[in-house]
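Participant: So that you have it, the file is input32.pdb, and it contains PDB, C-alpha atoms:
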ATOM      1  CA  MET A   1      58.413-156.788 164.733
ATOM      2  CA  ARG A   2      58.555-158.696 161.464
ATOM      3  CA  ARG A   3      59.845-155.728 159.486
ATOM      4  CA  PRO A   4      62.939-155.059 161.695
ATOM      5  CA  LEU A   5      63.737-158.775 161.758
ATOM      6  CA  ALA A   6      63.422-159.058 157.993
ATOM      7  CA  LEU A   7      65.660-156.029 157.476
ATOM      8  CA  LEU A   8      68.227-157.465 159.868
ATOM      9  CA  LEU A   9      68.275-160.805 158.085
ATOM     10  CA  LEU A  10      68.564-159.127 154.693
ATOM     11  CA  ALA A  11      71.370-156.811 155.818
ATOM     12  CA  ALA A  12      73.227-159.653 157.498
ATOM     13  CA  PHE A  13      72.915-161.870 154.451
ATOM     14  CA  ILE A  14      74.190-159.146 152.122
ATOM     15  CA  SER A  15      77.081-158.294 154.429
ATOM     16  CA  GLY A  16      77.918-161.946 155.004
ATOM     17  CA  CYS A  17      79.893-162.015 151.786
ATOM     18  CA  ALA A  18      81.852-158.939 152.860
ATOM     19  CA  LEU A  19      82.974-159.777 156.386
ATOM     20  CA  VAL A  20      86.585-159.134 155.529
ATOM     21  CA  PRO A  21      87.184-155.667 154.046
ATOM     22  CA  PRO A  22      87.847-155.562 150.291
ATOM     23  CA  PRO A  23      91.456-155.314 149.003
ATOM     24  CA  HIS A  24      91.079-151.551 148.763
ATOM     25  CA  PRO A  25      88.332-149.005 149.439
ATOM     26  CA  GLU A  26      86.286-147.536 146.634
ATOM     27  CA  HIS A  27      87.910-144.540 144.896
ATOM     28  CA  ALA A  28      91.384-145.413 146.222
ATOM     29  CA  TYR A  29      94.180-144.145 144.006
ATOM     30  CA  TYR A  30      97.947-144.101 143.686
ATOM     31  CA  PRO A  31      99.130-140.743 145.079
ATOM     32  CA  SER A  32     101.754-138.546 143.479
ATOM     33  CA  PRO A  33     104.891-138.648 145.641
ATOM     34  CA  ARG A  34     105.357-134.887 145.222
ATOM     35  CA  ASP A  35     101.836-133.908 146.204
ATOM     36  CA  PRO A  36     101.746-132.017 149.536
ATOM     37  CA  ALA A  37      99.003-134.321 150.829
ATOM     38  CA  THR A  38     101.111-137.383 150.050
ATOM     39  CA  ILE A  39     104.144-135.941 151.807
ATOM     40  CA  ARG A  40     102.086-134.899 154.800
ATOM     41  CA  ILE A  41     100.457-138.312 155.262
ATOM     42  CA  SER A  42     103.740-140.087 154.612
ATOM     43  CA  GLN A  43     105.649-138.125 157.234
ATOM     44  CA  THR A  44     102.860-138.538 159.771
ATOM     45  CA  LEU A  45     102.639-142.284 159.150
ATOM     46  CA  HIS A  46     106.403-142.588 159.564
ATOM     47  CA  ARG A  47     106.307-140.736 162.892
ATOM     48  CA  ALA A  48     103.347-142.788 164.155
ATOM     49  CA  ALA A  49     105.000-146.087 163.228
ATOM     50  CA  GLU A  50     108.177-145.141 165.060
ATOM     51  CA  ALA A  51     106.182-143.924 168.078
ATOM     52  CA  ALA A  52     104.398-147.300 168.168
ATOM     53  CA  GLY A  53     107.749-149.119 168.152
ATOM     54  CA  ASP A  54     107.139-150.553 164.681
ATOM     55  CA  ASP A  55     109.280-150.471 161.537
ATOM     56  CA  PRO A  56     108.009-147.733 159.181
ATOM     57  CA  ASP A  57     109.832-149.352 156.257
ATOM     58  CA  HIS A  58     107.137-152.034 156.268
ATOM     59  CA  TYR A  59     104.355-149.463 155.944
ATOM     60  CA  SER A  60     102.702-148.273 152.746
ATOM     61  CA  PHE A  61      99.586-146.308 151.931
ATOM     62  CA  ALA A  62      97.249-144.972 149.274
ATOM     63  CA  LEU A  63      94.756-142.132 149.234
ATOM     64  CA  ILE A  64      90.985-142.129 148.757
ATOM     65  CA  GLN A  65      89.329-139.529 146.550
ATOM     66  CA  THR A  66      86.663-138.137 148.870
ATOM     67  CA  SER A  67      86.157-135.050 150.989
ATOM     68  CA  ALA A  68      84.933-137.233 153.864
ATOM     69  CA  ILE A  69      87.388-137.941 156.664
ATOM     70  CA  LYS A  70      88.137-141.640 156.295
ATOM     71  CA  ALA A  71      90.990-143.977 157.218
ATOM     72  CA  TYR A  72      91.394-147.745 156.927
ATOM     73  CA  ALA A  73      94.008-150.173 158.175
ATOM     74  CA  ALA A  74      94.242-153.196 155.885
ATOM     75  CA  GLU A  75      96.458-156.232 156.328
ATOM     76  CA  ASP A  76     100.205-156.248 155.651
ATOM     77  CA  ALA A  77     100.694-152.733 157.092
ATOM     78  CA  THR A  78      98.786-151.113 154.229
ATOM     79  CA  PHE A  79      96.720-148.010 154.975
ATOM     80  CA  TYR A  80      94.200-145.868 153.140
ATOM     81  CA  PHE A  81      93.592-142.216 154.012
ATOM     82  CA  SER A  82      91.108-139.857 152.392
ATOM     83  CA  ASP A  83      91.854-136.511 150.788
ATOM     84  CA  GLY A  84      89.556-134.978 153.386
ATOM     85  CA  LEU A  85      91.680-136.359 156.202
ATOM     86  CA  ALA A  86      94.867-134.989 154.627
ATOM     87  CA  ARG A  87      93.341-131.492 154.674
ATOM     88  CA  GLN A  88      92.671-131.556 158.422
ATOM     89  CA  PRO A  89      94.850-129.695 160.953
ATOM     90  CA  GLN A  90      98.084-131.543 161.658
ATOM     91  CA  ARG A  91      97.064-132.547 165.182
ATOM     92  CA  HIS A  92      93.938-134.223 163.786
ATOM     93  CA  VAL A  93      95.945-135.988 161.085
ATOM     94  CA  ASP A  94      98.316-137.228 163.781
ATOM     95  CA  ALA A  95      95.417-138.590 165.840
ATOM     96  CA  LEU A  96      93.598-140.412 163.042
ATOM     97  CA  VAL A  97      96.775-141.846 161.546
ATOM     98  CA  ALA A  98      97.958-142.984 164.980
ATOM     99  CA  GLN A  99      94.617-144.712 165.553
ATOM    100  CA  LYS A 100      95.053-146.765 162.384
ATOM    101  CA  VAL A 101      98.654-147.573 163.258
ATOM    102  CA  ALA A 102      97.289-148.842 166.570
ATOM    103  CA  HIS A 103      95.103-151.312 164.661
ATOM    104  CA  GLU A 104      98.183-152.561 162.835
ATOM    105  CA  VAL A 105     100.399-153.058 165.888
ATOM    106  CA  LEU A 106      97.527-154.766 167.727
ATOM    107  CA  GLY A 107      96.977-157.185 164.825
ATOM    108  CA  HIS A 108      93.288-156.407 164.504
ATOM    109  CA  ALA A 109      92.817-157.263 160.822
ATOM    110  CA  GLY A 110      94.181-160.763 161.297
ATOM    111  CA  GLN A 111      92.086-161.257 164.423
ATOM    112  CA  ARG A 112      88.869-160.389 162.566
ATOM    113  CA  ARG A 113      89.716-162.742 159.741
ATOM    114  CA  ALA A 114      90.512-165.579 162.149
ATOM    115  CA  LEU A 115      87.262-165.023 164.053
ATOM    116  CA  SER A 116      85.191-165.008 160.878
ATOM    117  CA  LEU A 117      86.800-168.194 159.592
ATOM    118  CA  SER A 118      86.357-169.972 162.919
ATOM    119  CA  ILE A 119      82.643-169.127 163.030
ATOM    120  CA  THR A 120      82.196-170.316 159.452
ATOM    121  CA  ALA A 121      84.041-173.556 160.196
ATOM    122  CA  GLY A 122      81.938-174.139 163.287
ATOM    123  CA  PHE A 123      78.643-173.781 161.459
ATOM    124  CA  ALA A 124      79.931-175.875 158.560
ATOM    125  CA  LEU A 125      80.681-178.685 161.027
ATOM    126  CA  LEU A 126      77.251-178.376 162.613
ATOM    127  CA  GLY A 127      75.736-178.537 159.130
ATOM    128  CA  PHE A 128      76.917-182.139 158.805
ATOM    129  CA  PHE A 129      74.755-183.143 161.765
ATOM    130  CA  TRP A 130      71.860-180.705 161.271
ATOM    131  CA  PRO A 131      71.475-179.973 157.540
ATOM    132  CA  GLY A 132      70.748-176.343 156.823
ATOM    133  CA  LEU A 133      72.196-175.068 160.066
ATOM    134  CA  GLY A 134      75.287-173.902 158.217
ATOM    135  CA  LEU A 135      73.190-171.157 156.600
ATOM    136  CA  VAL A 136      72.907-169.497 160.004
ATOM    137  CA  ASP A 137      76.527-168.454 159.484
ATOM    138  CA  PHE A 138      75.359-165.769 157.053
ATOM    139  CA  VAL A 139      73.466-164.098 159.918
ATOM    140  CA  VAL A 140      75.625-164.814 162.957
ATOM    141  CA  ASN A 141      79.011-164.213 161.343
ATOM    142  CA  PRO A 142      78.578-160.545 160.366
ATOM    143  CA  ILE A 143      76.894-159.686 163.655
ATOM    144  CA  VAL A 144      79.657-161.255 165.770
ATOM    145  CA  VAL A 145      82.563-160.000 163.654
ATOM    146  CA  ARG A 146      81.265-156.456 163.490
ATOM    147  CA  ALA A 147      80.598-156.379 167.219
ATOM    148  CA  PHE A 148      84.194-157.552 167.670
ATOM    149  CA  SER A 149      85.312-154.795 165.298
ATOM    150  CA  ARG A 150      83.587-152.182 167.460
ATOM    151  CA  GLU A 151      85.508-153.440 170.485
ATOM    152  CA  GLN A 152      88.713-153.249 168.447
ATOM    153  CA  GLN A 153      88.029-149.587 167.696
ATOM    154  CA  LEU A 154      87.866-148.796 171.392
ATOM    155  CA  SER A 155      91.057-150.769 172.000
ATOM    156  CA  ALA A 156      92.815-148.946 169.153
ATOM    157  CA  ASP A 157      91.714-145.597 170.589
ATOM    158  CA  GLN A 158      93.467-146.433 173.855
ATOM    159  CA  ARG A 159      96.630-147.579 172.059
ATOM    160  CA  ALA A 160      96.525-144.417 169.944
ATOM    161  CA  ILE A 161      96.747-142.349 173.124
ATOM    162  CA  GLU A 162     100.128-143.923 173.866
ATOM    163  CA  ILE A 163     101.282-143.426 170.277
ATOM    164  CA  LEU A 164     100.257-139.765 170.259
ATOM    165  CA  ARG A 165     102.071-139.171 173.531
ATOM    166  CA  ALA A 166     105.226-140.708 172.019
ATOM    167  CA  MET A 167     104.755-138.477 168.953
ATOM    168  CA  GLY A 168     105.083-135.442 171.218
ATOM    169  CA  HIS A 169     101.462-134.580 172.053
ATOM    170  CA  ALA A 170     101.103-133.419 175.630
ATOM    171  CA  SER A 171      97.309-133.946 175.588
ATOM    172  CA  PRO A 172      96.770-137.092 173.506
ATOM    173  CA  ARG A 173      93.269-137.849 174.816
ATOM    174  CA  ARG A 174      92.067-134.356 173.969
ATOM    175  CA  VAL A 175      93.715-134.420 170.537
ATOM    176  CA  LEU A 176      92.066-137.728 169.621
ATOM    177  CA  ALA A 177      88.674-136.563 170.924
ATOM    178  CA  GLU A 178      88.919-133.364 168.864
ATOM    179  CA  ALA A 179      89.819-135.348 165.748
ATOM    180  CA  LEU A 180      86.882-137.731 166.206
ATOM    181  CA  ARG A 181      84.464-134.828 166.654
ATOM    182  CA  ALA A 182      85.841-133.041 163.591
ATOM    183  CA  ALA A 183      85.416-136.187 161.497
ATOM    184  CA  ALA A 184      81.840-136.648 162.733
ATOM    185  CA  GLU A 185      80.978-133.087 161.668
ATOM    186  CA  VAL A 186      82.195-133.716 158.103
ATOM    187  CA  ASN A 187      81.147-137.330 157.536
ATOM    188  CA  PRO A 188      77.576-138.503 156.885
ATOM    189  CA  PRO A 189      75.520-138.997 160.066
ATOM    190  CA  ALA A 190      75.731-142.319 161.846
ATOM    191  CA  ALA A 191      73.114-144.999 161.265
ATOM    192  CA  ARG A 192      69.897-144.408 163.169
ATOM    193  CA  PHE A 193      68.109-147.740 162.799
ATOM    194  CA  PHE A 194      68.757-150.603 165.176
ATOM    195  CA  GLU A 195      69.607-153.010 162.339
ATOM    196  CA  GLN A 196      72.240-150.608 160.991
ATOM    197  CA  ARG A 197      73.788-150.015 164.399
ATOM    198  CA  LEU A 198      73.942-153.770 164.985
ATOM    199  CA  LEU A 199      76.042-154.200 161.836
ATOM    200  CA  ALA A 200      78.165-151.069 162.288
ATOM    201  CA  THR A 201      81.933-151.578 162.377
ATOM    202  CA  GLU A 202      82.557-148.583 164.650
ATOM    203  CA  PRO A 203      81.050-147.676 168.039
ATOM    204  CA  GLU A 204      78.876-144.594 168.327
ATOM    205  CA  LEU A 205      80.806-141.366 168.777
ATOM    206  CA  ASP A 206      79.497-140.801 172.298
ATOM    207  CA  ASP A 207      80.803-144.201 173.376
ATOM    208  CA  ARG A 208      84.250-143.491 171.945
ATOM    209  CA  LEU A 209      84.436-140.071 173.557
ATOM    210  CA  ALA A 210      83.299-141.450 176.913
ATOM    211  CA  ALA A 211      86.075-144.054 176.785
ATOM    212  CA  LEU A 212      88.639-141.253 176.346
ATOM    213  CA  GLU A 213      87.620-139.466 179.533
ATOM    214  CA  PRO A 214      89.036-137.785 181.497
ATOM    215  CA  LEU A 215      90.544-135.392 178.955
ATOM    216  CA  GLU A 216      93.681-133.475 179.792
ATOM    217  CA  ALA A 217      93.342-129.877 180.921
ATOM    218  CA  GLY A 218      95.605-128.275 178.337
ATOM    219  CA  PRO A 219      95.586-128.571 174.529
ATOM    220  CA  ARG A 220      99.262-127.657 174.062
ATOM    221  CA  VAL A 221     101.167-129.815 171.597
ATOM    222  CA  THR A 222     104.857-130.265 170.921
ATOM    223  CA  THR A 223     105.505-132.172 167.740
ATOM    224  CA  ARG A 224     108.708-133.888 166.766
ATOM    225  CA  ALA A 225     110.383-133.240 163.445
ATOM    226  CA  PRO A 226     108.925-135.330 160.581
ATOM    227  CA  GLY A 227     110.757-138.401 159.339
ATOM    228  CA  PRO A 228     111.515-139.400 155.757
ATOM    229  CA  VAL A 229     108.789-139.705 153.164
ATOM    230  CA  LEU A 230     107.336-143.198 152.745
ATOM    231  CA  SER A 231     105.620-142.777 149.421
ATOM    232  CA  ARG A 232     107.480-142.347 146.156
ATOM    233  CA  SER A 233     107.043-143.088 142.497
ATOM    234  CA  HIS A 234     109.008-145.901 140.901
ATOM    235  CA  GLY A 235     112.493-144.759 140.041
ATOM    236  CA  ASP A 236     112.785-142.052 142.708
ATOM    237  CA  GLY A 237     115.219-142.469 145.527
ATOM    238  CA  GLY A 238     114.342-143.145 149.157
ATOM    239  CA  GLY A 239     111.175-144.189 150.863
ATOM    240  CA  ARG A 240     108.711-146.884 149.913
ATOM    241  CA  SER A 241     106.097-146.785 147.200
ATOM    242  CA  ALA A 242     102.484-146.500 148.193
ATOM    243  CA  PRO A 243     100.400-149.467 147.066
ATOM    244  CA  ARG A 244      98.673-149.098 143.737
ATOM    245  CA  PRO A 245      94.987-149.928 144.184
ATOM    246  CA  ARG A 246      93.683-152.788 142.093
ATOM    247  CA  ASP A 247      91.525-151.982 139.079
ATOM    248  CA  ARG A 248      87.912-151.815 140.054
TER     249      ARG A 248
END
Kindly present the structure from the file in structure tokens form.
Facilitator:
Amino acid sequence: MRRPLALLLLAAFISGCALVPPPHPEHAYYPSPRDPATIRISQTLHRAAEAAGDDPDHYSFALIQTSAIKAYAAEDATFYFSDGLARQPQRHVDALVAQKVAHEVLGHAGQRRALSLSITAGFALLGFFWPGLGLVDFVVNPIVVRAFSREQQLSADQRAIEILRAMGHASPRRVLAEALRAAAEVNPPAARFFEQRLLATEPELDDRLAALEPLEAGPRVTTRAPGPVLSRSHGDGGGRSAPRPRDR
């Protein structure tokens, strides 16, 4: 019993300084505007933003140098997509991009930041009356915020269904479920220990798939024509430049 508790406290303390995601993921890079992967992600992001009823001109993105299938939605409509994701079938790219656009239109990044700050402020206030109690924030904050993040993932999955349908997918639930399974096959296995699951930012795959049920009967897809490219190099015409990751 002492070992799991000690591991939980250590993991929570370490993660307490990283409640809000860093400015950019590790190995993020500025993509070439002429690279096929850049064009593909850019066109998909443009279509997803329009399908969500948002302005794609406010969106920008960078790529992540990894074969894993990863995607992140940062604040200020900035997204990060991995090289591995860009190599997936188009229907899977649509699904995973739409899911991150769902996070943006639902305001999830700002909600997590506000929750984290409110918990910290609450424990800081209690620390004036009970000295030392403020240190509990390093344990409670990551656990609460990451549990909230898991709920946001499920909410974004549901919003992504609507976005995919507006993008022209006749079976959006099935498309998203297929994309999640494909990503799970490529990415490292999920955490097995209780302490790791408690601090995970995403629900387990089975929980996400169960929330998508019932799946549609047919996998047929009709996709609209792609929109203009969002990413460009400085000096080129049209579109918006992808964000240049900060120096690590």
Participant: Could you check the closest approach to A:Tyr80 for each of A:His27, A:His108, A:Arg181, A:Arg173 and tell me which residue wins, using only C-alpha atoms?
Facilitator: A:His27
Participant: Could you jot down the atom CA of A:His92 to atom CA of A:Ser171 separation for me, Å, one decimal place?
Facilitator: 12.3 Å
Participant: Show me, as a Markdown table, the residues of stretch 136-162 of chain A having an atom within 10 Å of stretch 42-60 of chain A, each with the closest atom pair and its distance in Å, using all atoms listed in the file.
Facilitator:
| residue | atom | partner | partner_atom | distance |
| --- | --- | --- | --- | --- |
| A:Arg159 | CA | A:Ala52 | CA | 8.7 |
| A:Ala160 | CA | A:Ala52 | CA | 8.6 |
| A:Glu162 | CA | A:Ala52 | CA | 7.9 |
Participant: Based on the selection just made, write C-alpha atoms of those residues as a CSV table (one decimal), in the frame of the given file.
Facilitator:
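Contents of result-v4.csv, freshly written:
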chain,number,residue,atom,x,y,z
A,159,ARG,CA,96.6,-147.6,172.1
A,160,ALA,CA,96.5,-144.4,169.9
A,162,GLU,CA,100.1,-143.9,173.9
Participant: Take atom CA of A:Gly84 and atom CA of A:Thr66 and report the distance between them in Å, one decimal.
Facilitator: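 Rounded to one decimal, the two atoms are 6.2 Å apart.
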Participant: From the list A:Ala170, A:Ala109, A:Ala177, A:Leu96, which residue is nearest A:Ala210 when using only C-alpha atoms?
Facilitator: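 So, comparing all the options, the nearest one is A:Ala177.
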Participant: Quick one: pull the distance between atom CA of A:Thr120 and atom CA of A:Arg150, Å, one decimal.
Facilitator: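 Calculated distance between atom CA of A:Thr120 and atom CA of A:Arg150 is 19.9 Å.
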Participant: Could you please give me, as a list of chain:residue names, the residues of protein, DNA or RNA lying at most 10 Å from (85.8, -155.9, 160.3) in the coordinate frame of the file, considering all atoms listed in the file?
Facilitator: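 Answer for this query, in the requested form: A:Ala18, A:Leu19, A:Val20, A:Pro21, A:Ala74, A:His108, A:Ala109, A:Gly110, A:Gln111, A:Arg112, A:Arg113, A:Leu115, A:Ser116, A:Pro142, A:Val144, A:Val145, A:Arg146, A:Ala147, A:Phe148, A:Ser149, A:Arg150, A:Gln152, A:Gln153, A:Ala200, A:Thr201, A:Glu202.
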Participant: Take the PyMOL selection byres ((chain A and resi 136) around 10), apply it to the structure above, and return the hits as a compact mmCIF listing (two decimals) with C-alpha atoms, keeping the file's coordinate frame.
Facilitator:
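Produced file expr02.txt, reproduced below:
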# COMPACT_ATOMS: atom_id res chain seq x y z
CA PHE A 13 72.92 -161.87 154.45
CA THR A 120 82.20 -170.32 159.45
CA PHE A 123 78.64 -173.78 161.46
CA ALA A 124 79.93 -175.88 158.56
CA GLY A 127 75.74 -178.54 159.13
CA GLY A 132 70.75 -176.34 156.82
CA LEU A 133 72.20 -175.07 160.07
CA GLY A 134 75.29 -173.90 158.22
CA LEU A 135 73.19 -171.16 156.60
CA ASP A 137 76.53 -168.45 159.48
CA PHE A 138 75.36 -165.77 157.05
CA VAL A 139 73.47 -164.10 159.92
CA VAL A 140 75.62 -164.81 162.96
CA ASN A 141 79.01 -164.21 161.34
Participant: For A:Gln99, please output as an mmCIF file with C-alpha atoms, in the frame of the given file all residues within 6 Å (counting all atoms listed in the file; exclusion window: fewer than 2 positions along the same chain).
Facilitator:
data_model
loop_
_atom_site.group_PDB
_atom_site.id
_atom_site.type_symbol
_atom_site.label_atom_id
_atom_site.label_comp_id
_atom_site.auth_asym_id
_atom_site.auth_seq_id
_atom_site.Cartn_x
_atom_site.Cartn_y
_atom_site.Cartn_z
ATOM 1 C CA LEU A 96 93.598 -140.412 163.042
ATOM 2 C CA VAL A 97 96.775 -141.846 161.546
ATOM 3 C CA VAL A 101 98.654 -147.573 163.258
ATOM 4 C CA ALA A 102 97.289 -148.842 166.570
ATOM 5 C CA ALA A 156 92.815 -148.946 169.153
ATOM 6 C CA ASP A 157 91.714 -145.597 170.589
ATOM 7 C CA ALA A 160 96.525 -144.417 169.944
#
Participant: Given the choices A:Asp76, A:Glu204, A:Asp83, A:Asp94, which gets closest to A:Pro189 if the distance is worked out from all atoms listed in the file?
Facilitator: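 Closest to A:Pro189 of all the choices is A:Glu204.
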Participant: Excluding A:Leu154 and its own-chain neighbours fewer than 5 positions away, which residues fall within 8 Å of it when counting all atoms listed in the file? Please give them as an mmCIF file with C-alpha atoms, in the frame of the given file.
Facilitator:
data_model
loop_
_atom_site.group_PDB
_atom_site.id
_atom_site.type_symbol
_atom_site.label_atom_id
_atom_site.label_comp_id
_atom_site.auth_asym_id
_atom_site.auth_seq_id
_atom_site.Cartn_x
_atom_site.Cartn_y
_atom_site.Cartn_z
ATOM 1 C CA PRO A 203 81.050 -147.676 168.039
ATOM 2 C CA ARG A 208 84.250 -143.491 171.945
ATOM 3 C CA ALA A 211 86.075 -144.054 176.785
#
Participant: Generate the missing atoms of stretch 146-161 of chain A up to N, CA and C atoms and report them as a PDB file, in the frame of the given file.
Facilitator:
ATOM      1  N   ARG A 146      81.369-157.914 163.432  1.00  0.00           N
ATOM      2  CA  ARG A 146      81.265-156.456 163.490  1.00  0.00           C
ATOM      3  C   ARG A 146      81.176-155.960 164.925  1.00  0.00           C
ATOM      4  N   ALA A 147      80.572-156.736 165.795  1.00  0.00           N
ATOM      5  CA  ALA A 147      80.598-156.379 167.219  1.00  0.00           C
ATOM      6  C   ALA A 147      82.032-156.436 167.739  1.00  0.00           C
ATOM      7  N   PHE A 148      82.778-157.435 167.297  1.00  0.00           N
ATOM      8  CA  PHE A 148      84.194-157.552 167.670  1.00  0.00           C
ATOM      9  C   PHE A 148      84.983-156.373 167.118  1.00  0.00           C
ATOM     10  N   SER A 149      84.637-155.935 165.907  1.00  0.00           N
ATOM     11  CA  SER A 149      85.312-154.795 165.298  1.00  0.00           C
ATOM     12  C   SER A 149      85.068-153.521 166.103  1.00  0.00           C
ATOM     13  N   ARG A 150      83.869-153.366 166.640  1.00  0.00           N
ATOM     14  CA  ARG A 150      83.587-152.182 167.460  1.00  0.00           C
ATOM     15  C   ARG A 150      84.440-152.183 168.724  1.00  0.00           C
ATOM     16  N   GLU A 151      84.636-153.346 169.316  1.00  0.00           N
ATOM     17  CA  GLU A 151      85.508-153.440 170.485  1.00  0.00           C
ATOM     18  C   GLU A 151      86.953-153.130 170.105  1.00  0.00           C
ATOM     19  N   GLN A 152      87.354-153.540 168.900  1.00  0.00           N
ATOM     20  CA  GLN A 152      88.713-153.249 168.447  1.00  0.00           C
ATOM     21  C   GLN A 152      88.927-151.744 168.284  1.00  0.00           C
ATOM     22  N   GLN A 153      87.900-151.038 167.837  1.00  0.00           N
ATOM     23  CA  GLN A 153      88.029-149.587 167.696  1.00  0.00           C
ATOM     24  C   GLN A 153      88.329-148.932 169.033  1.00  0.00           C
ATOM     25  N   LEU A 154      87.628-149.354 170.058  1.00  0.00           N
ATOM     26  CA  LEU A 154      87.866-148.796 171.392  1.00  0.00           C
ATOM     27  C   LEU A 154      89.265-149.141 171.886  1.00  0.00           C
ATOM     28  N   SER A 155      89.712-150.359 171.613  1.00  0.00           N
ATOM     29  CA  SER A 155      91.057-150.769 172.000  1.00  0.00           C
ATOM     30  C   SER A 155      92.111-149.961 171.245  1.00  0.00           C
ATOM     31  N   ALA A 156      91.861-149.731 169.948  1.00  0.00           N
ATOM     32  CA  ALA A 156      92.815-148.946 169.153  1.00  0.00           C
ATOM     33  C   ALA A 156      92.854-147.494 169.623  1.00  0.00           C
ATOM     34  N   ASP A 157      91.715-146.964 170.058  1.00  0.00           N
ATOM     35  CA  ASP A 157      91.714-145.597 170.589  1.00  0.00           C
ATOM     36  C   ASP A 157      92.653-145.484 171.787  1.00  0.00           C
ATOM     37  N   GLN A 158      92.605-146.469 172.672  1.00  0.00           N
ATOM     38  CA  GLN A 158      93.467-146.433 173.855  1.00  0.00           C
ATOM     39  C   GLN A 158      94.939-146.566 173.473  1.00  0.00           C
ATOM     40  N   ARG A 159      95.232-147.434 172.507  1.00  0.00           N
ATOM     41  CA  ARG A 159      96.630-147.579 172.059  1.00  0.00           C
ATOM     42  C   ARG A 159      97.088-146.312 171.345  1.00  0.00           C
ATOM     43  N   ALA A 160      96.176-145.654 170.646  1.00  0.00           N
ATOM     44  CA  ALA A 160      96.525-144.417 169.944  1.00  0.00           C
ATOM     45  C   ALA A 160      96.933-143.325 170.918  1.00  0.00           C
ATOM     46  N   ILE A 161      96.358-143.333 172.102  1.00  0.00           N
ATOM     47  CA  ILE A 161      96.747-142.349 173.124  1.00  0.00           C
ATOM     48  C   ILE A 161      98.238-142.482 173.427  1.00  0.00           C
TER      49      ILE A 161
END
